[in-house]
$ cat my_file.cif   # mmCIF, C-alpha atoms and all ligand atoms
data_structure
loop_
_atom_site.group_PDB
_atom_site.id
_atom_site.type_symbol
_atom_site.label_atom_id
_atom_site.label_comp_id
_atom_site.auth_asym_id
_atom_site.auth_seq_id
_atom_site.Cartn_x
_atom_site.Cartn_y
_atom_site.Cartn_z
ATOM 1 C CA MET A 13 0.000 0.000 0.000
ATOM 2 C CA THR A 14 1.463 3.374 -0.937
ATOM 3 C CA ILE A 15 1.587 6.349 1.403
ATOM 4 C CA THR A 16 -0.812 8.261 -0.867
ATOM 5 C CA VAL A 17 -3.405 5.544 -0.395
ATOM 6 C CA ASP A 18 -2.722 5.499 3.355
ATOM 7 C CA LEU A 19 -3.352 9.233 3.554
ATOM 8 C CA GLU A 20 -6.596 8.740 1.598
ATOM 9 C CA ASN A 21 -7.595 5.884 3.920
ATOM 10 C CA ALA A 22 -6.800 7.961 7.000
ATOM 11 C CA ALA A 23 -8.864 10.866 5.605
ATOM 12 C CA ALA A 24 -11.757 8.479 4.880
ATOM 13 C CA LEU A 25 -11.657 7.043 8.419
ATOM 14 C CA LEU A 26 -11.409 10.458 10.052
ATOM 15 C CA SER A 27 -14.131 12.064 7.956
ATOM 16 C CA LYS A 28 -16.598 9.552 9.445
ATOM 17 C CA ALA A 29 -15.288 10.038 13.006
ATOM 18 C CA SER A 30 -16.539 12.480 15.622
ATOM 19 C CA ARG A 31 -14.696 11.299 18.741
ATOM 20 C CA THR A 32 -11.107 11.148 17.544
ATOM 21 C CA VAL A 33 -8.420 11.400 20.201
ATOM 22 C CA ALA A 34 -4.776 12.124 19.423
ATOM 23 C CA SER A 35 -2.159 10.537 21.671
ATOM 24 C CA CYS A 36 1.044 12.507 21.121
ATOM 25 C CA GLY A 37 4.715 12.312 21.978
ATOM 26 C CA ALA A 38 7.848 14.329 21.434
ATOM 27 C CA GLY A 39 7.910 13.627 17.668
ATOM 28 C CA ILE A 40 5.020 16.010 16.989
ATOM 29 C CA SER A 41 7.132 18.891 18.334
ATOM 30 C CA ALA A 42 10.324 17.823 16.511
ATOM 31 C CA GLU A 43 9.424 20.030 13.538
ATOM 32 C CA SER A 44 9.076 22.942 15.993
ATOM 33 C CA GLY A 45 12.769 22.506 16.837
ATOM 34 C CA ILE A 46 12.333 20.682 20.164
ATOM 35 C CA ALA A 47 14.508 17.574 20.399
ATOM 36 C CA THR A 48 12.908 14.189 21.033
ATOM 37 C CA PHE A 49 14.237 11.853 23.734
ATOM 38 C CA ARG A 50 15.119 8.573 22.014
ATOM 39 C CA ASP A 51 15.917 9.468 18.404
ATOM 40 C CA ALA A 52 19.618 9.529 17.474
ATOM 41 C CA GLY A 53 21.055 12.689 19.041
ATOM 42 C CA GLY A 54 17.948 13.016 21.253
ATOM 43 C CA LEU A 55 18.013 14.174 24.863
ATOM 44 C CA TRP A 56 18.611 10.720 26.367
ATOM 45 C CA ASP A 57 21.545 10.246 23.979
ATOM 46 C CA ARG A 58 23.170 13.327 25.417
ATOM 47 C CA ILE A 59 22.387 13.008 29.081
ATOM 48 C CA ASP A 60 21.656 10.124 31.429
ATOM 49 C CA PRO A 61 17.906 10.082 32.230
ATOM 50 C CA ILE A 62 18.671 8.673 35.685
ATOM 51 C CA ALA A 63 20.931 11.666 36.407
ATOM 52 C CA VAL A 64 18.385 14.304 35.433
ATOM 53 C CA GLY A 65 15.034 12.596 34.891
ATOM 54 C CA THR A 66 14.185 11.777 38.523
ATOM 55 C CA PRO A 67 13.881 14.357 41.333
ATOM 56 C CA ALA A 68 16.564 12.604 43.394
ATOM 57 C CA GLY A 69 18.895 12.206 40.406
ATOM 58 C CA LEU A 70 18.539 15.853 39.411
ATOM 59 C CA VAL A 71 19.199 17.139 42.943
ATOM 60 C CA ASN A 72 22.213 14.864 43.218
ATOM 61 C CA THR A 73 23.625 15.962 39.848
ATOM 62 C CA LEU A 74 23.088 19.618 40.724
ATOM 63 C CA LYS A 75 24.792 19.169 44.107
ATOM 64 C CA GLN A 76 27.768 17.363 42.597
ATOM 65 C CA ASN A 77 28.373 19.436 39.490
ATOM 66 C CA ALA A 78 25.576 21.768 38.468
ATOM 67 C CA ALA A 79 27.781 23.581 35.935
ATOM 68 C CA VAL A 80 27.890 20.489 33.740
ATOM 69 C CA LEU A 81 24.178 20.999 33.024
ATOM 70 C CA LEU A 82 24.382 24.708 32.197
ATOM 71 C CA PRO A 83 25.118 24.493 28.418
ATOM 72 C CA LEU A 84 22.290 21.984 27.882
ATOM 73 C CA PHE A 85 19.961 24.030 30.082
ATOM 74 C CA LEU A 86 20.657 27.172 28.001
ATOM 75 C CA GLU A 87 20.185 25.232 24.767
ATOM 76 C CA LEU A 88 16.829 23.890 25.967
ATOM 77 C CA LEU A 89 15.722 27.372 27.028
ATOM 78 C CA ASP A 90 16.502 28.589 23.492
ATOM 79 C CA SER A 91 14.678 25.766 21.745
ATOM 80 C CA PHE A 92 11.577 26.116 23.952
ATOM 81 C CA GLU A 93 11.618 29.891 23.444
ATOM 82 C CA GLN A 94 11.981 29.776 19.667
ATOM 83 C CA ALA A 95 9.452 26.990 19.138
ATOM 84 C CA SER A 96 6.034 27.666 17.713
ATOM 85 C CA PRO A 97 3.230 25.307 16.687
ATOM 86 C CA ASN A 98 4.118 23.507 13.457
ATOM 87 C CA PRO A 99 1.742 22.312 10.685
ATOM 88 C CA GLY A 100 1.146 19.048 12.610
ATOM 89 C CA HIS A 101 -0.086 20.898 15.709
ATOM 90 C CA ARG A 102 -2.180 23.218 13.548
ATOM 91 C CA ALA A 103 -3.762 20.313 11.667
ATOM 92 C CA LEU A 104 -4.929 18.863 15.015
ATOM 93 C CA ALA A 105 -6.572 22.205 15.809
ATOM 94 C CA ASP A 106 -8.213 22.070 12.338
ATOM 95 C CA LEU A 107 -9.521 18.559 13.065
ATOM 96 C CA GLU A 108 -11.053 19.852 16.314
ATOM 97 C CA ALA A 109 -12.656 22.819 14.503
ATOM 98 C CA MET A 110 -14.061 20.378 11.924
ATOM 99 C CA GLY A 111 -15.821 18.411 14.698
ATOM 100 C CA ILE A 112 -13.653 15.325 14.133
ATOM 101 C CA LEU A 113 -11.214 15.457 17.057
ATOM 102 C CA THR A 114 -12.290 16.008 20.646
ATOM 103 C CA THR A 115 -9.159 15.674 22.751
ATOM 104 C CA VAL A 116 -5.383 15.699 22.565
ATOM 105 C CA ILE A 117 -3.552 13.579 25.132
ATOM 106 C CA THR A 118 0.060 14.645 25.125
ATOM 107 C CA GLN A 119 3.264 13.583 26.823
ATOM 108 C CA ASN A 120 4.767 16.927 25.802
ATOM 109 C CA VAL A 121 5.236 19.771 28.263
ATOM 110 C CA ASP A 122 5.751 22.536 25.679
ATOM 111 C CA ASN A 123 2.232 24.052 25.542
ATOM 112 C CA LEU A 124 2.251 23.988 21.721
ATOM 113 C CA HIS A 125 -1.062 22.129 21.313
ATOM 114 C CA GLN A 126 -2.897 24.859 23.234
ATOM 115 C CA GLU A 127 -1.063 27.557 21.288
ATOM 116 C CA ALA A 128 -2.143 25.874 18.030
ATOM 117 C CA GLY A 129 -5.781 26.127 19.157
ATOM 118 C CA ASN A 130 -6.759 22.760 20.648
ATOM 119 C CA THR A 131 -9.061 23.391 23.597
ATOM 120 C CA ASP A 132 -9.079 20.011 25.361
ATOM 121 C CA VAL A 133 -5.485 18.992 25.992
ATOM 122 C CA ILE A 134 -4.658 16.387 28.648
ATOM 123 C CA GLU A 135 -1.025 16.909 29.605
ATOM 124 C CA VAL A 136 -0.128 13.653 31.307
ATOM 125 C CA HIS A 137 3.473 14.744 31.908
ATOM 126 C CA GLY A 138 2.514 18.279 32.964
ATOM 127 C CA ASN A 139 3.462 21.659 31.528
ATOM 128 C CA LEU A 140 6.828 23.375 31.796
ATOM 129 C CA PHE A 141 5.231 26.808 32.006
ATOM 130 C CA ARG A 142 3.021 25.991 34.956
ATOM 131 C CA MET A 143 4.546 26.215 38.440
ATOM 132 C CA LYS A 144 3.383 24.366 41.530
ATOM 133 C CA CYS A 145 4.101 25.665 45.023
ATOM 134 C CA LEU A 146 5.943 23.128 47.184
ATOM 135 C CA ALA A 147 4.112 24.429 50.279
ATOM 136 C CA CYS A 148 0.510 25.373 49.439
ATOM 137 C CA GLU A 149 0.373 23.567 46.044
ATOM 138 C CA THR A 150 -1.030 26.642 44.267
ATOM 139 C CA VAL A 151 -0.580 26.192 40.543
ATOM 140 C CA SER A 152 0.309 29.287 38.491
ATOM 141 C CA THR A 153 0.413 29.497 34.712
ATOM 142 C CA TYR A 154 2.976 31.635 32.886
ATOM 143 C CA ASP A 155 3.380 32.843 29.334
ATOM 144 C CA ARG A 156 6.002 30.618 27.672
ATOM 145 C CA LYS A 157 8.191 33.307 26.098
ATOM 146 C CA GLN A 158 7.901 35.721 29.030
ATOM 147 C CA LEU A 159 8.866 33.049 31.567
ATOM 148 C CA ILE A 160 11.852 31.938 29.479
ATOM 149 C CA GLY A 161 12.954 35.565 28.982
ATOM 150 C CA GLU A 162 12.793 36.232 32.731
ATOM 151 C CA THR A 163 14.546 32.944 33.546
ATOM 152 C CA ARG A 164 17.384 33.786 31.149
ATOM 153 C CA LYS A 165 17.704 37.269 32.691
ATOM 154 C CA ARG A 166 17.969 35.772 36.193
ATOM 155 C CA LEU A 167 20.364 33.129 34.923
ATOM 156 C CA THR A 168 22.773 35.612 33.371
ATOM 157 C CA SER A 169 22.923 37.600 36.607
ATOM 158 C CA LEU A 170 24.036 34.522 38.604
ATOM 159 C CA THR A 171 27.622 34.220 39.683
ATOM 160 C CA ALA A 172 27.469 30.422 39.980
ATOM 161 C CA PHE A 173 25.068 27.799 38.672
ATOM 162 C CA THR A 174 24.310 25.722 41.758
ATOM 163 C CA LEU A 175 21.328 23.901 43.239
ATOM 164 C CA ASP A 176 20.410 27.046 45.234
ATOM 165 C CA ALA A 177 20.787 29.220 42.157
ATOM 166 C CA LEU A 178 18.550 26.943 40.121
ATOM 167 C CA THR A 179 15.864 27.071 42.817
ATOM 168 C CA ALA A 180 16.056 30.873 42.681
ATOM 169 C CA LEU A 181 15.393 30.859 38.928
ATOM 170 C CA VAL A 182 11.870 29.571 39.404
ATOM 171 C CA PRO A 183 9.216 32.203 40.266
ATOM 172 C CA LYS A 184 8.087 32.177 43.900
ATOM 173 C CA CYS A 185 4.499 31.145 44.645
ATOM 174 C CA PRO A 186 2.256 34.212 44.101
ATOM 175 C CA ALA A 187 -0.067 32.993 46.888
ATOM 176 C CA CYS A 188 2.348 32.290 49.761
ATOM 177 C CA GLY A 189 5.796 33.300 48.513
ATOM 178 C CA PHE A 190 7.323 29.835 48.979
ATOM 179 C CA ILE A 191 9.442 27.930 46.414
ATOM 180 C CA SER A 192 7.685 26.560 43.328
ATOM 181 C CA ARG A 193 8.781 23.963 40.819
ATOM 182 C CA PRO A 194 7.781 23.367 37.215
ATOM 183 C CA ASP A 195 4.596 21.279 37.233
ATOM 184 C CA VAL A 196 6.101 18.512 35.121
ATOM 185 C CA VAL A 197 6.230 14.786 35.738
ATOM 186 C CA MET A 198 9.655 13.271 36.278
ATOM 187 C CA PHE A 199 10.397 9.551 36.325
ATOM 188 C CA SER A 200 9.079 8.019 39.588
ATOM 189 C CA GLU A 201 6.354 10.687 39.883
ATOM 190 C CA ALA A 202 2.616 10.258 39.328
ATOM 191 C CA VAL A 203 1.268 10.989 35.870
ATOM 192 C CA GLN A 204 -1.370 13.760 35.712
ATOM 193 C CA ASP A 205 -5.071 13.375 34.758
ATOM 194 C CA LEU A 206 -4.699 9.635 34.218
ATOM 195 C CA PRO A 207 -8.378 8.654 34.817
ATOM 196 C CA ARG A 208 -9.597 11.174 32.233
ATOM 197 C CA ALA A 209 -6.915 10.120 29.724
ATOM 198 C CA PHE A 210 -8.115 6.508 30.021
ATOM 199 C CA GLU A 211 -11.751 7.588 29.812
ATOM 200 C CA VAL A 212 -11.320 9.514 26.528
ATOM 201 C CA SER A 213 -9.120 6.729 25.126
ATOM 202 C CA GLY A 214 -11.805 4.160 25.877
ATOM 203 C CA ASN A 215 -14.510 6.327 24.267
ATOM 204 C CA CYS A 216 -12.856 7.393 21.020
ATOM 205 C CA ASP A 217 -13.789 6.110 17.576
ATOM 206 C CA VAL A 218 -10.346 6.788 16.061
ATOM 207 C CA MET A 219 -7.072 7.201 17.897
ATOM 208 C CA LEU A 220 -4.233 9.039 16.178
ATOM 209 C CA VAL A 221 -0.904 7.953 17.652
ATOM 210 C CA LEU A 222 1.536 10.701 16.772
ATOM 211 C CA GLY A 223 5.285 10.965 17.241
ATOM 212 C CA THR A 224 5.766 8.659 20.188
ATOM 213 C CA SER A 225 8.035 5.651 20.594
ATOM 214 C CA GLY A 226 5.394 4.103 22.878
ATOM 215 C CA VAL A 227 7.831 2.832 25.478
ATOM 216 C CA VAL A 228 6.938 5.001 28.478
ATOM 217 C CA TYR A 229 4.017 3.829 30.593
ATOM 218 C CA PRO A 230 1.301 4.615 31.517
ATOM 219 C CA ALA A 231 1.147 6.952 28.474
ATOM 220 C CA ALA A 232 1.786 3.985 26.174
ATOM 221 C CA SER A 233 -1.420 2.377 27.478
ATOM 222 C CA PHE A 234 -3.771 4.887 25.852
ATOM 223 C CA PRO A 235 -3.611 3.418 22.316
ATOM 224 C CA LEU A 236 -4.007 -0.070 23.820
ATOM 225 C CA GLU A 237 -7.107 1.084 25.708
ATOM 226 C CA ALA A 238 -8.536 2.693 22.542
ATOM 227 C CA LYS A 239 -7.981 -0.498 20.550
ATOM 228 C CA ARG A 240 -9.463 -2.656 23.329
ATOM 229 C CA ALA A 241 -12.610 -0.509 23.227
ATOM 230 C CA GLY A 242 -12.955 -0.894 19.448
ATOM 231 C CA ALA A 243 -11.341 2.264 18.042
ATOM 232 C CA ARG A 244 -9.344 2.303 14.801
ATOM 233 C CA VAL A 245 -5.686 3.139 15.469
ATOM 234 C CA ILE A 246 -3.731 5.301 13.014
ATOM 235 C CA VAL A 247 -0.013 5.684 13.685
ATOM 236 C CA ILE A 248 1.959 8.514 12.060
ATOM 237 C CA ASN A 249 5.683 8.241 12.687
ATOM 238 C CA PRO A 250 8.690 8.086 10.315
ATOM 239 C CA THR A 251 9.793 4.924 12.126
ATOM 240 C CA GLU A 252 7.673 2.082 13.454
ATOM 241 C CA ASN A 253 6.931 2.186 17.152
ATOM 242 C CA ALA A 254 5.767 -0.175 19.874
ATOM 243 C CA PHE A 255 2.191 -0.287 18.558
ATOM 244 C CA SER A 256 2.605 -2.296 15.337
ATOM 245 C CA SER A 257 0.453 -5.171 16.624
ATOM 246 C CA ILE A 258 -2.579 -2.903 17.222
ATOM 247 C CA THR A 259 -2.132 -0.470 14.303
ATOM 248 C CA ASP A 260 -4.865 -0.391 11.644
ATOM 249 C CA LEU A 261 -3.109 2.188 9.484
ATOM 250 C CA TYR A 262 0.570 3.081 9.622
ATOM 251 C CA ILE A 263 1.755 6.230 7.859
ATOM 252 C CA PRO A 264 5.560 6.407 7.792
ATOM 253 C CA MET A 265 5.785 10.186 7.594
ATOM 254 C CA LYS A 266 6.463 13.231 9.738
ATOM 255 C CA THR A 267 3.318 14.481 11.474
ATOM 256 C CA GLY A 268 3.950 17.999 10.129
ATOM 257 C CA GLU A 269 3.620 16.615 6.602
ATOM 258 C CA ALA A 270 1.024 13.861 6.974
ATOM 259 C CA LEU A 271 -1.558 15.628 9.168
ATOM 260 C CA PRO A 272 -2.018 18.751 6.971
ATOM 261 C CA ALA A 273 -2.253 16.487 3.904
ATOM 262 C CA ILE A 274 -4.986 14.453 5.618
ATOM 263 C CA VAL A 275 -6.881 17.621 6.591
ATOM 264 C CA ASP A 276 -6.661 18.840 2.954
ATOM 265 C CA LEU A 277 -8.037 15.507 1.706
ATOM 266 C CA ILE A 278 -10.953 15.610 4.169
ATOM 267 C CA ARG A 279 -11.785 19.144 3.016
ATOM 268 C CA LYS A 280 -11.453 18.194 -0.654
ATOM 269 C CA ASN A 281 -13.498 15.011 -0.401
ATOM 270 C CA GLY A 282 -16.245 16.588 1.722
ATOM 271 C CA PRO A 283 -18.294 14.797 4.394
HETATM 272 P P1 LIG B 301 10.628 9.491 22.154
HETATM 273 O O1 LIG B 301 11.838 10.324 21.991
HETATM 274 O O2 LIG B 301 10.734 8.233 22.906
HETATM 275 O O3 LIG B 301 10.034 9.140 20.716
HETATM 276 C C1 LIG B 301 9.874 10.111 19.739
HETATM 277 C C2 LIG B 301 9.175 9.486 18.569
HETATM 278 O O4 LIG B 301 8.904 10.516 17.635
HETATM 279 C C3 LIG B 301 9.998 8.430 17.831
HETATM 280 O O5 LIG B 301 9.190 7.268 17.644
HETATM 281 C C4 LIG B 301 10.327 9.098 16.490
HETATM 282 O O6 LIG B 301 10.370 8.164 15.415
HETATM 283 C C5 LIG B 301 9.158 10.038 16.331
HETATM 284 N N1 LIG B 301 9.410 11.221 15.493
HETATM 285 C C6 LIG B 301 10.544 11.928 15.342
HETATM 286 N N2 LIG B 301 10.351 12.980 14.512
HETATM 287 C C7 LIG B 301 9.050 12.930 14.135
HETATM 288 C C8 LIG B 301 8.214 13.727 13.293
HETATM 289 N N3 LIG B 301 8.678 14.816 12.680
HETATM 290 N N4 LIG B 301 6.927 13.366 13.137
HETATM 291 C C9 LIG B 301 6.427 12.260 13.762
HETATM 292 N N5 LIG B 301 7.158 11.473 14.572
HETATM 293 C C10 LIG B 301 8.448 11.803 14.750
HETATM 294 O O7 LIG B 301 9.507 10.469 22.772
HETATM 295 P P2 LIG B 301 8.187 10.075 23.562
HETATM 296 O O8 LIG B 301 7.571 8.847 23.025
HETATM 297 O O9 LIG B 301 7.355 11.294 23.629
HETATM 298 O O10 LIG B 301 8.867 11.467 29.774
HETATM 299 O O11 LIG B 301 8.793 9.805 24.991
HETATM 300 C C11 LIG B 301 7.931 9.571 26.049
HETATM 301 C C12 LIG B 301 8.473 10.111 27.318
HETATM 302 O O12 LIG B 301 9.838 9.727 27.506
HETATM 303 C C13 LIG B 301 8.564 11.623 27.423
HETATM 304 O O13 LIG B 301 7.329 12.242 27.698
HETATM 305 C C14 LIG B 301 9.534 11.815 28.544
HETATM 306 C C15 LIG B 301 10.571 10.812 28.117
HETATM 307 O O14 LIG B 301 11.379 10.314 29.102
HETATM 308 C C16 LIG B 301 9.346 11.883 30.961
HETATM 309 O O15 LIG B 301 10.372 12.516 31.031
HETATM 310 C C17 LIG B 301 8.517 11.490 32.129
#

$ encode --input "my_file.cif" --output "structure tokens" --more "lines below"
Ligand code: OAD
Amino acid sequence: MTITVDLENAAALLSKASRTVASCGAGISAESGIATFRDAGGLWDRIDPIAVGTPAGLVNTLKQNAAVLLPLFLELLDSFEQASPNPGHRALADLEAMGILTTVITQNVDNLHQEAGNTDVIEVHGNLFRMKCLACETVSTYDRKQLIGETRKRLTSLTAFTLDALTALVPKCPACGFISRPDVVMFSEAVQDLPRAFEVSGNCDVMLVLGTSGVVYPAASFPLEAKRAGARVIVINPTENAFSSITDLYIPMKTGEALPAIVDLIRKNGP
């Protein structure tokens, strides 16, 4: 089966759907300039996830040699600042506006789905631009570019990059003034909004599985739950992922190319 036919088949399936859910991973933001984790040259190729991906590992690394993280930290600030929604994100917003897609479940913390226009986004791994107070648990939301700009300003005025300095980079809780942390999920921490993510997965008619390797649980369970409940599963990813045994339609393309093409076909072919 050629890719052209797969795109046509995906458009045909989606044009009949009204409860599509997209389950997304880092790959959908790759074309926005944000590195994935497990592709060659990805984040986990460059830095040990145990050393920075768990709260204890990160604190330990920062205590031992915080400066080693500074170049990567600055690079990540730049890529998150310069990113904007790409054609893949925008096509998901189009699918919502067309009454085809209801919900995006994302493992990404970059806020790009909301910025593209999707209104129901379940962020199972949190959001980098939301802070949670360690004392009163107040959650505060910040503008992505403004927060990064202010963080960089504070960072450049530091004399040393240490654990204390890093804590000082994060805005204090506006409610009680105590220390906040980014409201993101690290390894060993509880995933956010899990019951709702399972509920929408179990109620969808089509699940789009976009730009994820499918190796991190529980997020990798959502396509399995959708399939178990009878949904058709469409995977868009340049390389095959962990879902081949449950995939009805595999499109070996970048999401930023495949999704807009599918939206165009749905528009062209009509309801
Ligand atoms: P991975 O880095 O594991 O996988 C990225 C996937 O995106 C791969 O399957 C790539 O083939 C695919 N990909 C790359 N470029 C793409 C493009 N332009 N279009 C479509 N697909 C593309 O990222 P995730 O599956 O999101 O969690 O990783 C899951 C979790 O592992 C992350 O949320 C993070 C990480 O550790 C935590 O840190 C808790």

$ axis_aligned_box --input "my_file.cif" --around "segment 248-256 of chain A" --padding-each-side "3 Å" --output "lines of an AutoDock Vina configuration file"
center_x = 5.9
center_y = 3.1
center_z = 15.1
size_x = 13.8
size_y = 16.8
size_z = 15.6

$ closest_residue --input "my_file.cif" --among "A:Ile274, A:Val247, A:Val33, A:Leu146" --to "Gly111 of chain A" --atoms "all atoms listed in the file"
A:Val33

$ closest_residue --input "my_file.cif" --among "A:Asp260, A:Asn72, A:Asp195, A:Leu84" --to "Leu25 of chain A" --atoms "all atoms listed in the file"
A:Asp260

$ residues_near_ligand --input "my_file.cif" --ligand "ligand LIG 301 (chain B)" --cutoff "7 Å" --atoms "only C-alpha atoms and all ligand atoms" --output "PDB file with C-alpha atoms, in the coordinates of the input"
ATOM      1  CA  CYS A  36       1.044  12.507  21.121  1.00  0.00           C
ATOM      2  CA  GLY A  37       4.715  12.312  21.978  1.00  0.00           C
ATOM      3  CA  ALA A  38       7.848  14.329  21.434  1.00  0.00           C
ATOM      4  CA  GLY A  39       7.910  13.627  17.668  1.00  0.00           C
ATOM      5  CA  ILE A  40       5.020  16.010  16.989  1.00  0.00           C
ATOM      6  CA  ALA A  42      10.324  17.823  16.511  1.00  0.00           C
ATOM      7  CA  GLU A  43       9.424  20.030  13.538  1.00  0.00           C
ATOM      8  CA  THR A  48      12.908  14.189  21.033  1.00  0.00           C
ATOM      9  CA  PHE A  49      14.237  11.853  23.734  1.00  0.00           C
ATOM     10  CA  ARG A  50      15.119   8.573  22.014  1.00  0.00           C
ATOM     11  CA  ASP A  51      15.917   9.468  18.404  1.00  0.00           C
ATOM     12  CA  GLY A  54      17.948  13.016  21.253  1.00  0.00           C
ATOM     13  CA  GLY A  65      15.034  12.596  34.891  1.00  0.00           C
ATOM     14  CA  GLN A 119       3.264  13.583  26.823  1.00  0.00           C
ATOM     15  CA  ASN A 120       4.767  16.927  25.802  1.00  0.00           C
ATOM     16  CA  HIS A 137       3.473  14.744  31.908  1.00  0.00           C
ATOM     17  CA  VAL A 197       6.230  14.786  35.738  1.00  0.00           C
ATOM     18  CA  MET A 198       9.655  13.271  36.278  1.00  0.00           C
ATOM     19  CA  PHE A 199      10.397   9.551  36.325  1.00  0.00           C
ATOM     20  CA  LEU A 222       1.536  10.701  16.772  1.00  0.00           C
ATOM     21  CA  GLY A 223       5.285  10.965  17.241  1.00  0.00           C
ATOM     22  CA  THR A 224       5.766   8.659  20.188  1.00  0.00           C
ATOM     23  CA  SER A 225       8.035   5.651  20.594  1.00  0.00           C
ATOM     24  CA  GLY A 226       5.394   4.103  22.878  1.00  0.00           C
ATOM     25  CA  VAL A 227       7.831   2.832  25.478  1.00  0.00           C
ATOM     26  CA  VAL A 228       6.938   5.001  28.478  1.00  0.00           C
ATOM     27  CA  ILE A 248       1.959   8.514  12.060  1.00  0.00           C
ATOM     28  CA  ASN A 249       5.683   8.241  12.687  1.00  0.00           C
ATOM     29  CA  PRO A 250       8.690   8.086  10.315  1.00  0.00           C
ATOM     30  CA  THR A 251       9.793   4.924  12.126  1.00  0.00           C
ATOM     31  CA  GLU A 252       7.673   2.082  13.454  1.00  0.00           C
ATOM     32  CA  ASN A 253       6.931   2.186  17.152  1.00  0.00           C
ATOM     33  CA  MET A 265       5.785  10.186   7.594  1.00  0.00           C
ATOM     34  CA  LYS A 266       6.463  13.231   9.738  1.00  0.00           C
ATOM     35  CA  THR A 267       3.318  14.481  11.474  1.00  0.00           C
ATOM     36  CA  GLY A 268       3.950  17.999  10.129  1.00  0.00           C
TER      37      GLY A 268
END

$ closest_residue --input "my_file.cif" --among "A:Arg156, A:His125, A:Lys239, A:Arg164" --to "Leu140 of chain A" --atoms "all atoms listed in the file"
A:Arg156

$ closest_residue --input "my_file.cif" --among "A:Ala68, A:Ala105, A:Ser192, A:Phe92" --to "Asp155 of chain A" --atoms "all atoms listed in the file"
A:Phe92

$ residues_around --input "my_file.cif" --residues "Ala187 of chain A" --least-positions-apart "5" --cutoff "9 Å" --atoms "only C-alpha atoms" --output "ChimeraX atom specification"
/A:145,148,150

$ closest_residue --input "my_file.cif" --among "A:Ser200, A:Thr73, A:Ser30, A:Ser233" --to "Ile112 of chain A" --atoms "all atoms listed in the file"
A:Ser30

$ residues_near_point --input "my_file.cif" --point "(-2.2, 5.6, 22.6)" --cutoff "6 Å" --atoms "all atoms listed in the file" --output "JSON, numbers by chain"
{"A": [35, 221, 232, 233, 234, 235]}

$ atom_distance --input "my_file.cif" --atom1 "atom CA of Leu19 of chain A" --atom2 "atom CA of Ile263 of chain A"
7.3 Å

$ atom_distance --input "my_file.cif" --atom1 "atom CA of Ala23 of chain A" --atom2 "atom CA of Val275 of chain A"
7.1 Å

$ residues_near_point --input "my_file.cif" --point "(12.3, 21.1, 35.7)" --cutoff "10 Å" --atoms "only C-alpha atoms" --output "list of chain:residue names"
A:Val64, A:Gly65, A:Thr66, A:Pro67, A:Leu70, A:Phe85, A:Asn139, A:Leu140, A:Phe141, A:Met143, A:Leu178, A:Thr179, A:Val182, A:Arg193, A:Pro194, A:Asp195, A:Val196, A:Val197, A:Met198

$ write_last_selection --input "my_file.cif" --atoms "C-alpha atoms" --output "PDB file, in the coordinates of the input"
ATOM      1  CA  VAL A  64      18.385  14.304  35.433  1.00  0.00           C
ATOM      2  CA  GLY A  65      15.034  12.596  34.891  1.00  0.00           C
ATOM      3  CA  THR A  66      14.185  11.777  38.523  1.00  0.00           C
ATOM      4  CA  PRO A  67      13.881  14.357  41.333  1.00  0.00           C
ATOM      5  CA  LEU A  70      18.539  15.853  39.411  1.00  0.00           C
ATOM      6  CA  PHE A  85      19.961  24.030  30.082  1.00  0.00           C
ATOM      7  CA  ASN A 139       3.462  21.659  31.528  1.00  0.00           C
ATOM      8  CA  LEU A 140       6.828  23.375  31.796  1.00  0.00           C
ATOM      9  CA  PHE A 141       5.231  26.808  32.006  1.00  0.00           C
ATOM     10  CA  MET A 143       4.546  26.215  38.440  1.00  0.00           C
ATOM     11  CA  LEU A 178      18.550  26.943  40.121  1.00  0.00           C
ATOM     12  CA  THR A 179      15.864  27.071  42.817  1.00  0.00           C
ATOM     13  CA  VAL A 182      11.870  29.571  39.404  1.00  0.00           C
ATOM     14  CA  ARG A 193       8.781  23.963  40.819  1.00  0.00           C
ATOM     15  CA  PRO A 194       7.781  23.367  37.215  1.00  0.00           C
ATOM     16  CA  ASP A 195       4.596  21.279  37.233  1.00  0.00           C
ATOM     17  CA  VAL A 196       6.101  18.512  35.121  1.00  0.00           C
ATOM     18  CA  VAL A 197       6.230  14.786  35.738  1.00  0.00           C
ATOM     19  CA  MET A 198       9.655  13.271  36.278  1.00  0.00           C
TER      20      MET A 198
END

$ atom_distance --input "my_file.cif" --atom1 "atom CA of Ala172 of chain A" --atom2 "atom CA of Leu86 of chain A"
14.2 Å

$ closest_atom_pairs --input "my_file.cif" --of "segment 76-155 of chain A" --to "segment 202-218 of chain A" --cutoff "9 Å" --atoms "all atoms listed in the file" --output "Markdown table"
| residue | atom | partner | partner_atom | distance |
| --- | --- | --- | --- | --- |
| A:Leu113 | CA | A:Val218 | CA | 8.8 |
| A:Thr114 | CA | A:Cys216 | CA | 8.6 |
| A:Thr115 | CA | A:Val212 | CA | 7.5 |
| A:Ile117 | CA | A:Ala209 | CA | 6.7 |
| A:Ile134 | CA | A:Ala209 | CA | 6.7 |
| A:Glu135 | CA | A:Gln204 | CA | 6.9 |
| A:Val136 | CA | A:Gln204 | CA | 4.6 |
| A:His137 | CA | A:Val203 | CA | 5.9 |
| A:Gly138 | CA | A:Gln204 | CA | 6.6 |

$ closest_residue --input "my_file.cif" --among "A:Arg166, A:Lys75, A:Arg279, A:Arg31" --to "Glu108 of chain A" --atoms "only C-alpha atoms"
A:Arg31
